[in-house]
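Text of the file data.txt, holding compact mmCIF, C-alpha atoms:
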# COMPACT_ATOMS: atom_id res chain seq x y z
CA MET A 16 -66.28 -50.23 -81.04
CA GLU A 17 -68.17 -47.36 -80.44
CA TRP A 18 -68.58 -48.11 -76.88
CA ILE A 19 -64.76 -48.36 -76.30
CA LEU A 20 -64.30 -44.73 -76.85
CA PRO A 21 -66.68 -43.64 -74.07
CA ILE A 22 -65.27 -46.30 -71.75
CA ALA A 23 -61.78 -45.08 -72.51
CA GLY A 24 -62.95 -41.51 -71.87
CA LEU A 25 -64.58 -42.65 -68.66
CA ILE A 26 -61.42 -44.49 -67.56
CA ALA A 27 -59.38 -41.41 -68.46
CA ALA A 28 -61.81 -39.22 -66.51
CA ILE A 29 -61.66 -41.57 -63.49
CA ALA A 30 -57.86 -41.67 -63.73
CA PHE A 31 -57.82 -37.91 -64.00
CA LEU A 32 -60.15 -37.70 -61.02
CA ILE A 33 -57.94 -40.08 -58.99
CA LEU A 34 -54.93 -38.07 -60.06
CA CYS A 35 -56.64 -34.84 -58.97
CA VAL A 36 -57.65 -36.40 -55.63
CA PHE A 37 -54.10 -37.56 -54.94
CA ILE A 38 -52.76 -34.18 -56.02
CA GLY A 39 -55.32 -32.53 -53.70
CA ILE A 40 -54.34 -34.82 -50.83
CA THR A 41 -50.67 -34.06 -51.50
CA LEU A 42 -51.38 -30.34 -51.68
CA MET A 43 -53.36 -30.51 -48.41
CA SER A 44 -50.46 -32.32 -46.74
CA VAL A 45 -48.03 -29.76 -48.14
CA LYS A 46 -50.35 -26.99 -46.85
CA LYS A 47 -50.37 -28.51 -43.35
CA ASN A 48 -46.60 -28.77 -43.41
CA LEU A 49 -46.28 -25.18 -44.66
CA ASP A 50 -48.67 -23.97 -41.94
CA HIS A 51 -46.61 -25.82 -39.35
CA VAL A 52 -43.39 -24.34 -40.77
CA ALA A 53 -45.01 -20.87 -40.76
CA LYS A 54 -45.96 -21.27 -37.06
CA THR A 55 -42.45 -22.48 -36.26
CA LEU A 56 -40.95 -19.54 -38.13
CA ASP A 57 -43.22 -17.16 -36.23
CA GLY A 58 -41.97 -18.66 -32.95
CA VAL A 59 -38.37 -18.55 -34.15
CA GLU A 60 -38.86 -14.95 -35.27
CA GLY A 61 -40.13 -14.00 -31.81
CA GLN A 62 -37.22 -15.81 -30.19
CA ILE A 63 -34.76 -14.12 -32.57
CA GLN A 64 -36.24 -10.73 -31.70
CA GLY A 65 -35.80 -11.54 -27.98
CA ILE A 66 -32.26 -12.76 -28.59
CA THR A 67 -31.56 -9.64 -30.65
CA ARG A 68 -32.82 -7.38 -27.84
CA GLU A 69 -30.80 -9.29 -25.22
CA SER A 70 -27.72 -9.26 -27.46
CA THR A 71 -28.10 -5.51 -27.98
CA ASP A 72 -28.48 -4.94 -24.22
CA LEU A 73 -25.52 -7.20 -23.55
CA LEU A 74 -23.45 -5.34 -26.15
CA HIS A 75 -24.34 -1.98 -24.53
CA LYS A 76 -23.44 -3.31 -21.08
CA THR A 77 -20.19 -4.73 -22.43
CA ASN A 78 -19.33 -1.36 -23.98
CA ARG A 79 -20.08 0.45 -20.71
CA LEU A 80 -18.03 -2.12 -18.79
CA ALA A 81 -15.15 -1.72 -21.24
CA GLU A 82 -15.29 2.08 -20.82
CA ASP A 83 -15.40 1.69 -17.03
CA VAL A 84 -12.45 -0.71 -17.10
CA GLN A 85 -10.52 1.69 -19.32
CA ASP A 86 -11.29 4.63 -17.01
CA LYS A 87 -10.28 2.68 -13.92
CA SER A 88 -7.17 1.43 -15.70
CA GLN A 89 -6.15 5.04 -16.40
CA ARG A 90 -6.78 5.95 -12.76
CA LEU A 91 -4.82 2.92 -11.65
CA ASN A 92 -1.97 3.95 -13.95
CA SER A 93 -1.73 7.27 -12.10
CA VAL A 94 -1.67 5.41 -8.77
CA VAL A 95 1.01 3.06 -10.08
CA ASP A 96 3.02 6.05 -11.30
CA ALA A 97 2.69 7.68 -7.85
CA VAL A 98 3.81 4.48 -6.11
CA LYS A 99 6.72 4.23 -8.54
CA GLY A 100 7.63 7.82 -7.69
CA ILE A 101 7.53 7.00 -3.99
CA GLY A 102 9.69 3.94 -4.60
CA ASP A 103 12.19 6.05 -6.55
CA SER A 104 12.22 8.63 -3.74
CA VAL A 105 12.83 5.95 -1.12
CA GLN A 106 15.60 4.49 -3.26
CA ASN A 107 17.19 7.94 -3.61
CA LEU A 108 16.87 8.47 0.14
CA ASN A 109 18.53 5.11 0.82
CA SER A 110 21.29 5.99 -1.61
CA SER A 111 21.80 9.36 0.11
CA VAL A 112 21.84 7.75 3.55
CA ASN A 113 24.37 5.19 2.32
CA ASN A 114 26.53 7.96 0.87
CA VAL A 115 26.39 9.97 4.12
CA THR A 116 27.12 6.85 6.19
CA SER A 117 30.09 5.89 4.06
CA SER A 118 31.35 9.49 4.13
CA ILE A 119 31.07 9.60 7.93
CA THR A 120 32.76 6.20 8.22
CA HIS A 121 35.55 7.34 5.92
CA ASN A 122 36.02 10.61 7.83
CA ILE A 123 36.02 8.77 11.15
CA SER A 124 38.60 6.29 9.93
CA GLN A 125 40.80 9.10 8.64
CA ASN A 126 40.46 11.13 11.84
CA GLU A 127 40.55 8.22 14.27
CA ASP A 128 43.67 9.48 16.05
CA LYS A 129 42.22 12.98 16.41
CA ILE A 130 38.94 11.60 17.71
CA SER A 131 40.68 9.43 20.29
CA GLN A 132 42.71 12.48 21.42
CA VAL A 133 39.50 14.53 21.71
CA VAL A 134 37.92 11.75 23.76
CA GLN A 135 40.97 11.56 26.03
CA TRP A 136 41.08 15.34 26.49
CA SER A 137 37.34 15.43 27.18
CA ASN A 138 37.77 12.70 29.82
CA VAL A 139 40.59 14.70 31.38
CA ALA A 140 38.47 17.86 31.28
CA MET A 141 35.58 16.02 32.92
CA GLU A 142 37.86 14.70 35.66
CA VAL A 143 39.24 18.20 36.26
CA ALA A 144 35.72 19.59 36.38
CA ASP A 145 34.69 16.87 38.86
CA LYS A 146 37.70 17.59 41.05
CA TRP A 147 37.01 21.28 40.85
CA GLN A 148 33.40 20.67 41.94
CA MET A 149 34.55 18.45 44.82
CA ARG A 150 37.09 21.06 45.95
CA LYS A 151 34.44 23.75 45.71
CA GLN A 152 32.03 21.64 47.78
CA ARG A 153 34.72 21.02 50.39
CA ARG A 154 35.42 24.74 50.61
CA ASN A 155 31.73 25.48 51.01
CA THR A 156 31.52 22.82 53.70
CA VAL A 157 34.59 24.21 55.45
CA ASN A 158 33.29 27.76 55.15
CA PHE A 159 30.02 26.62 56.59
CA ASN A 160 31.85 24.89 59.43
CA ASP A 161 34.02 27.98 59.89
CA ASP A 162 30.87 30.08 60.12
CA ILE A 163 29.54 27.73 62.78
CA TYR A 164 32.79 28.05 64.74
CA ARG A 165 32.64 31.82 64.50
CA THR A 166 29.25 32.16 66.07
CA PRO A 167 29.30 33.41 69.62
CA GLN A 168 28.22 30.05 70.94
CA ASN A 169 31.26 28.33 69.51
CA ASN A 170 33.85 30.88 70.57
CA PHE A 171 34.34 28.73 73.58
CA ASN A 172 35.30 25.77 71.35
CA GLU A 173 37.68 27.89 69.28
CA THR A 174 39.64 28.92 72.32
CA HIS A 175 39.95 25.36 73.40
CA THR A 176 41.08 24.05 69.92
CA THR A 177 43.92 26.48 69.24
CA GLY A 178 46.56 23.93 69.92
CA ASP A 179 44.99 21.27 67.68
CA HIS A 180 46.47 22.65 64.40
CA LEU A 181 43.06 22.73 62.75
CA ASP A 182 44.10 25.16 60.05
CA GLN A 183 47.11 23.06 59.10
CA ASP A 184 44.91 19.96 58.79
CA LYS A 185 42.54 21.84 56.47
CA ILE A 186 45.43 22.91 54.24
CA ASN A 187 46.80 19.39 54.07
CA ALA A 188 43.36 18.06 53.16
CA GLY A 189 43.11 20.62 50.32
CA LEU A 190 40.16 22.38 51.85
CA LYS A 191 41.82 25.75 52.28

In structure tokens, how does this file's structure come out?
Amino acid sequence: MEWILPIAGLIAAIAFLILCVFIGITLMSVKKNLDHVAKTLDGVEGQIQGITRESTDLLHKTNRLAEDVQDKSQRLNSVVDAVKGIGDSVQNLNSSVNNVTSSITHNISQNEDKISQVVQWSNVAMEVADKWQMRKQRRNTVNFNDDIYRTPQNNFNETHTTGDHLDQDKINAGLK
């Protein structure tokens, strides 16, 4: 039985050796996987750095855009306020025009009789003025004709028309 002990030691040593080989193989496989994970993490780290830079740039651009929108919104508010002021002014002007129109209409309706009398009197005055102008023109025409008759050439005609009642005809016609 002496030989069993070395065979058992040898079997234990071979088992230990097989165990160590399998542990080595497992550790080598784990190492390959860890190397692959490390490479992937390096790539992911680079991508995250790129994404971080782009996100930071995008955040800065968004902030600038927000400031620009806010500035333009404030400017637009002043324009809207100005347009509102113009609208209020136009509305006030319309209200004033409506008030003046209704006041004029009211005054005209109250003074309708007076206005019609003024219109009638102005028509009469215009007719009198027209007649006065016509009478004045007739007198100027008659005076011109009288001047023609008084020239030495026409003295001959005057002596021949004395019996024609020329002066009486002029008076009847309203020229003298």

Please compute the CA of Val98 in chain A-CA of Asn114 in chain A distance, one decimal, in Å. 24.0 Å

Could you state the separation of CA of Asn138 in chain A and CA of Ile123 in chain A in Å, given to one decimal place? 19.2 Å

Gap from CA of Leu80 in chain A to CA of Gln62 in chain A - Å, one decimal: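 Straight-line distance from CA of Leu80 in chain A to CA of Gln62 in chain A works out to 26.2 Å.
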
Give me the box for range 66-75 of chain A as JSON, namely the centre and edge lengths in Å to one decimal of a box along x, y and z that holds every listed atom plus 5 Å on each side.
{"center_x": -28.1, "center_y": -7.4, "center_z": -27.1, "size_x": 19.4, "size_y": 20.8, "size_z": 17.1}
